[in-house]
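Peer 1: First, the structure itself, so that you have it in front of you.
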Amino acid sequence: MRQVTVTEHVLLHQTKSPAASGQFTTLLYDLILAAKIIARGVNKAGLLDILGATGEINVQGEQVQKLDELANRTLIHRMERTGVLCAMASEENADLIRIPDKFKRGEYILIFDPLDGSSNIDVNINVGTIFSIHKRISPSDEDVTLADVLQRGTEQVAAGYFLYGSSTMLVYSSGQGVHGFTLDPSVGEFLLSHPDIRIPERGKVYSVNESYYHYWDEPTRRIVNHFKGTDNDRGAPYSLRYVGSLVADFHRNLLNGGIFMYPMDYRIPSKPQGKLRLMCEASPLAFVAEQAGGAAIDGNRRILDIQPGELHERVPLFIGSAKDVAVVSEMYAQARQD
Ligand code: P6P
């Protein structure tokens, strides 16, 4: 395959989208540089004494891994200097990250999960960086506010993820389909390896943490049993594949077909909720899934239609092959009527 870089691809293949502006190419270039630095840290973690936890707890109430911190610091340091952002939001930071006055600002907003799945790093399982890009809605001469960030997923200019594994990949969409690039370490460039990714309309895999079975409501149990049983459109059980790293599970299902589910659970009876974050996990992956012909819902609503109420809002997530997600939607709708 002819070697096509990300920059060339953005310029040549997406003249129609806002992504064709030079600002977006600059943003993507600096995001890629940050990802290369993170990939280097992930690949050498075992040698550089940056495995394990820092002993701190983040805004999500989760153990901060040393590589979480490295990834978060790298992204903030790199992206506050890119000159095209007016604000950022990170899964690791409680509040909006403003661009210091000493740096040039632009119209874009970057929301990211710096290292998703980081609890898996110490055992060498794939992890990833998920990103979502919006344009501000307030006038450029005003201070950016949370209202600029809390936009529906349909308003994303672009979204995607970096996957740090057997190879380092970038998968993203700017509204003109989904494209995958693989890092060639010998030249330090991401080269087009998966043009126009389309997710099979029905898969053979379901991904869910079944240990929560007793914390799910009855409709959710029926849905999971549907995929593991024979009374489904395949007439055979789907295979269970669950890595415990959202980006890895999502990427496999994007290429091969399948459905990833993180349902609402009642582990805390007074606080039934999903675990995954709307702004920096569900919404960007939903954008990619739909651009590849798939679907993403919270069990009732299309993820991209949800109006965020707060930065770290959590949401149940059912995402992947369109026909598999449609079954989930139909079964929850039926349960609401019963
Ligand atoms: P559980 C990782 O912490 C993460 O946010 C996702 O990457 C992953 O899919 C999920 O949590 C795993 O959660 O509850 O199954 O361990």
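Convention: chains lettered A, B, ... in structure tokens order; per-chain residue numbering from 1; ligands numbered from 1 as shown.
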Quick one: contact table of chain A to ligand 1, 7 Å max, nearest atom pair and distance in Å to one decimal per residue, counting only C-alpha atoms and all ligand atoms, chain and number order, as CSV?

Peer 2:
residue,atom,partner,partner_atom_place_in_ligand_line,distance
A:Asp116,CA,ligand 1,7 (O),4.9
A:Gly117,CA,ligand 1,2 (C),3.8
A:Ser118,CA,ligand 1,3 (O),6.5
A:Ser119,CA,ligand 1,3 (O),6.2
A:Asn209,CA,ligand 1,15 (O),4.9
A:Gly244,CA,ligand 1,12 (C),4.4
A:Ser245,CA,ligand 1,7 (O),3.7
A:Leu246,CA,ligand 1,9 (O),3.5
A:Val247,CA,ligand 1,7 (O),6.3
A:Leu276,CA,ligand 1,5 (O),6.0

Peer 1: Run DSSP on the backbone of this structure and report the residues of segment 91-198 of chain A it assigns to strand (DSSP E or B), as a VMD selection string.

Peer 2: chain A and resid 97 to 98 108 to 116 127 to 135 158 to 164 168 to 173 179 to 184 189 to 194

Peer 1: Which is closest to Leu278 of chain A among A:Ile111, A:Ile76, A:Ile223, A:Val6, if we use only C-alpha atoms?

Peer 2: A:Ile111

Peer 1: Find the residues near segment 131-139 of chain A: any atom within 9 Å, counting only C-alpha atoms, skip ones fewer than 6 places away on the same chain, and give them as an NGL selection string.

Peer 2: :A and (85-87 or 107-114 or 145 or 147-149 or 151 or 153 or 155-162 or 172 or 279-281 or 283-285 or 287)

Peer 1: Please identify all polymer residues within 9 Å of Tyr215 of chain A, counting only C-alpha atoms, omitting same-chain residues fewer than 5 positions from it, and present them as a PyMOL selection string.

Peer 2: chain A and resi 264-269

Peer 1: Could you turn the residues from that selection into a file that holds N, CA, C and O atoms, as a tab-separated table (two decimals), in the first residue's frame?

Peer 2:
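What landed in out-v2.tsv:
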chain	number	residue	atom	x	y	z
A	264	MET	N	-25.86	-0.32	33.11
A	264	MET	CA	-26.06	0.28	34.43
A	264	MET	C	-26.08	-0.87	35.45
A	264	MET	O	-26.58	-1.94	35.16
A	265	ASP	N	-25.45	-0.67	36.61
A	265	ASP	CA	-25.54	-1.73	37.62
A	265	ASP	C	-25.92	-1.14	38.96
A	265	ASP	O	-25.79	0.08	39.18
A	266	TYR	N	-26.39	-2.00	39.83
A	266	TYR	CA	-26.92	-1.56	41.13
A	266	TYR	C	-26.00	-1.99	42.27
A	266	TYR	O	-26.44	-2.36	43.34
A	267	ARG	N	-24.65	-1.93	41.98
A	267	ARG	CA	-23.71	-2.29	43.07
A	267	ARG	C	-23.96	-1.36	44.25
A	267	ARG	O	-23.88	-1.77	45.39
A	268	ILE	N	-24.23	-0.09	43.91
A	268	ILE	CA	-24.64	0.86	44.97
A	268	ILE	C	-26.12	1.13	44.73
A	268	ILE	O	-26.48	1.93	43.85
A	269	PRO	N	-27.02	0.39	45.44
A	269	PRO	CA	-28.45	0.46	45.13
A	269	PRO	C	-28.98	1.89	45.02
A	269	PRO	O	-29.79	2.19	44.15

Peer 1: In Å to one decimal, how far is atom CA of Leu183 of chain A from atom CA of Asp196 of chain A?

Peer 2: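 Taking atom CA of Asp196 of chain A and atom CA of Leu183 of chain A, their separation equals 17.5 Å.
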
Peer 1: Could you please write out, as number ranges by chain, every residue of segment 116-217 of chain A that DSSP assigns to alpha helix (DSSP H)?

Peer 2: A: 146-149

Peer 1: Do a neighbour search on Tyr238 of chain A at 8 Å with only C-alpha atoms, toss out local chain neighbours closer than 4 positions, and write the hits as JSON, numbers by chain.

Peer 2: {"A": [203, 204, 205, 206, 227, 228, 229]}

Peer 1: Taking into account only C-alpha atoms, which residue in the set A:Asp184, A:Glu80, A:Glu56, A:Glu313 is nearest to Leu27 of chain A?

Peer 2: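 Of all the options, A:Glu80 lies closest to Leu27 of chain A.
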
Peer 1: Of the candidates A:Asn120, A:Val208, A:Glu189, A:Arg2, which one gets nearest to Asp68 of chain A if we count only C-alpha atoms?

Peer 2: A:Asn120

Peer 1: Counting only C-alpha atoms, which of A:Arg302, A:Lys323, A:Arg81, A:Lys271 gets nearest to Ile199 of chain A?

Peer 2: A:Lys323

Peer 1: May I ask which of the residues A:Phe103, A:Tyr164, A:Tyr332, A:Phe24 is the closest one to Arg222 of chain A, counting only C-alpha atoms?

Peer 2: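 Smallest separation from Arg222 of chain A among the options: A:Tyr332.
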
Peer 1: Quick one: of A:Pro263, A:Asn253, A:Ser186, A:Val288, who's nearest to Glu210 of chain A, counting only C-alpha atoms?

Peer 2: A:Pro263

Peer 1: Name the residues in contact with Gly175 of chain A at a cut-off of 8 Å, using only C-alpha atoms, excluding same-chain residues fewer than 2 positions from it; report them as a VMD selection string.

Peer 2: chain A and resid 17 157 to 158 173 177 to 178 291

Peer 1: Quick one: write out the picked residues with N, CA, C and O atoms as a PDB file, in the first residue's frame?

Peer 2:
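Writing the result to part-v1.pdb gives the following:
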ATOM      1  N   SER A  17     -14.792  18.725   5.141  1.00  0.00           N
ATOM      2  CA  SER A  17     -15.096  18.897   6.590  1.00  0.00           C
ATOM      3  C   SER A  17     -14.251  20.031   7.183  1.00  0.00           C
ATOM      4  O   SER A  17     -13.231  20.409   6.620  1.00  0.00           O
ATOM      5  N   VAL A 157     -16.299  17.653  16.052  1.00  0.00           N
ATOM      6  CA  VAL A 157     -15.626  17.902  14.768  1.00  0.00           C
ATOM      7  C   VAL A 157     -14.874  16.646  14.351  1.00  0.00           C
ATOM      8  O   VAL A 157     -14.782  16.291  13.178  1.00  0.00           O
ATOM      9  N   ALA A 158     -14.353  15.952  15.350  1.00  0.00           N
ATOM     10  CA  ALA A 158     -13.598  14.712  15.106  1.00  0.00           C
ATOM     11  C   ALA A 158     -13.501  13.950  16.421  1.00  0.00           C
ATOM     12  O   ALA A 158     -13.716  14.517  17.503  1.00  0.00           O
ATOM     13  N   SER A 173     -12.068   9.666  13.081  1.00  0.00           N
ATOM     14  CA  SER A 173     -12.986  10.144  12.047  1.00  0.00           C
ATOM     15  C   SER A 173     -13.176  11.643  12.223  1.00  0.00           C
ATOM     16  O   SER A 173     -13.190  12.141  13.355  1.00  0.00           O
ATOM     17  N   GLY A 177     -16.043   9.218   7.380  1.00  0.00           N
ATOM     18  CA  GLY A 177     -15.623   7.816   7.491  1.00  0.00           C
ATOM     19  C   GLY A 177     -14.570   7.640   8.576  1.00  0.00           C
ATOM     20  O   GLY A 177     -14.130   8.607   9.223  1.00  0.00           O
ATOM     21  N   VAL A 178     -14.156   6.384   8.776  1.00  0.00           N
ATOM     22  CA  VAL A 178     -13.202   6.044   9.844  1.00  0.00           C
ATOM     23  C   VAL A 178     -11.941   5.484   9.188  1.00  0.00           C
ATOM     24  O   VAL A 178     -12.024   4.638   8.286  1.00  0.00           O
ATOM     25  N   GLN A 291     -19.775   6.434  12.412  1.00  0.00           N
ATOM     26  CA  GLN A 291     -19.108   6.750  11.146  1.00  0.00           C
ATOM     27  C   GLN A 291     -18.679   5.481  10.412  1.00  0.00           C
ATOM     28  O   GLN A 291     -18.489   5.481   9.202  1.00  0.00           O
TER      29      GLN A 291
END

Peer 1: Give me the residues near Ala326 of chain A as an NGL selection string, where near means some atom within 12 Å (using only C-alpha atoms) and where sequence neighbours in that chain fewer than 6 positions away do not count.

Peer 2: :A and (201-202 or 223 or 233 or 259 or 294-302 or 318-320 or 332-333)

Peer 1: Expressed in Å to a single decimal, how great is the separation between atom CA of Gln60 of chain A and atom CA of His312 of chain A?

Peer 2: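 Rounded to one decimal, the two atoms are 8.1 Å apart.
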
Peer 1: Would you work out the distance separating atom CA of Ser167 of chain A from atom CA of Lys66 of chain A, expressed in Å to one decimal?

Peer 2: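 Between atom CA of Ser167 of chain A and atom CA of Lys66 of chain A the gap is 21.4 Å.
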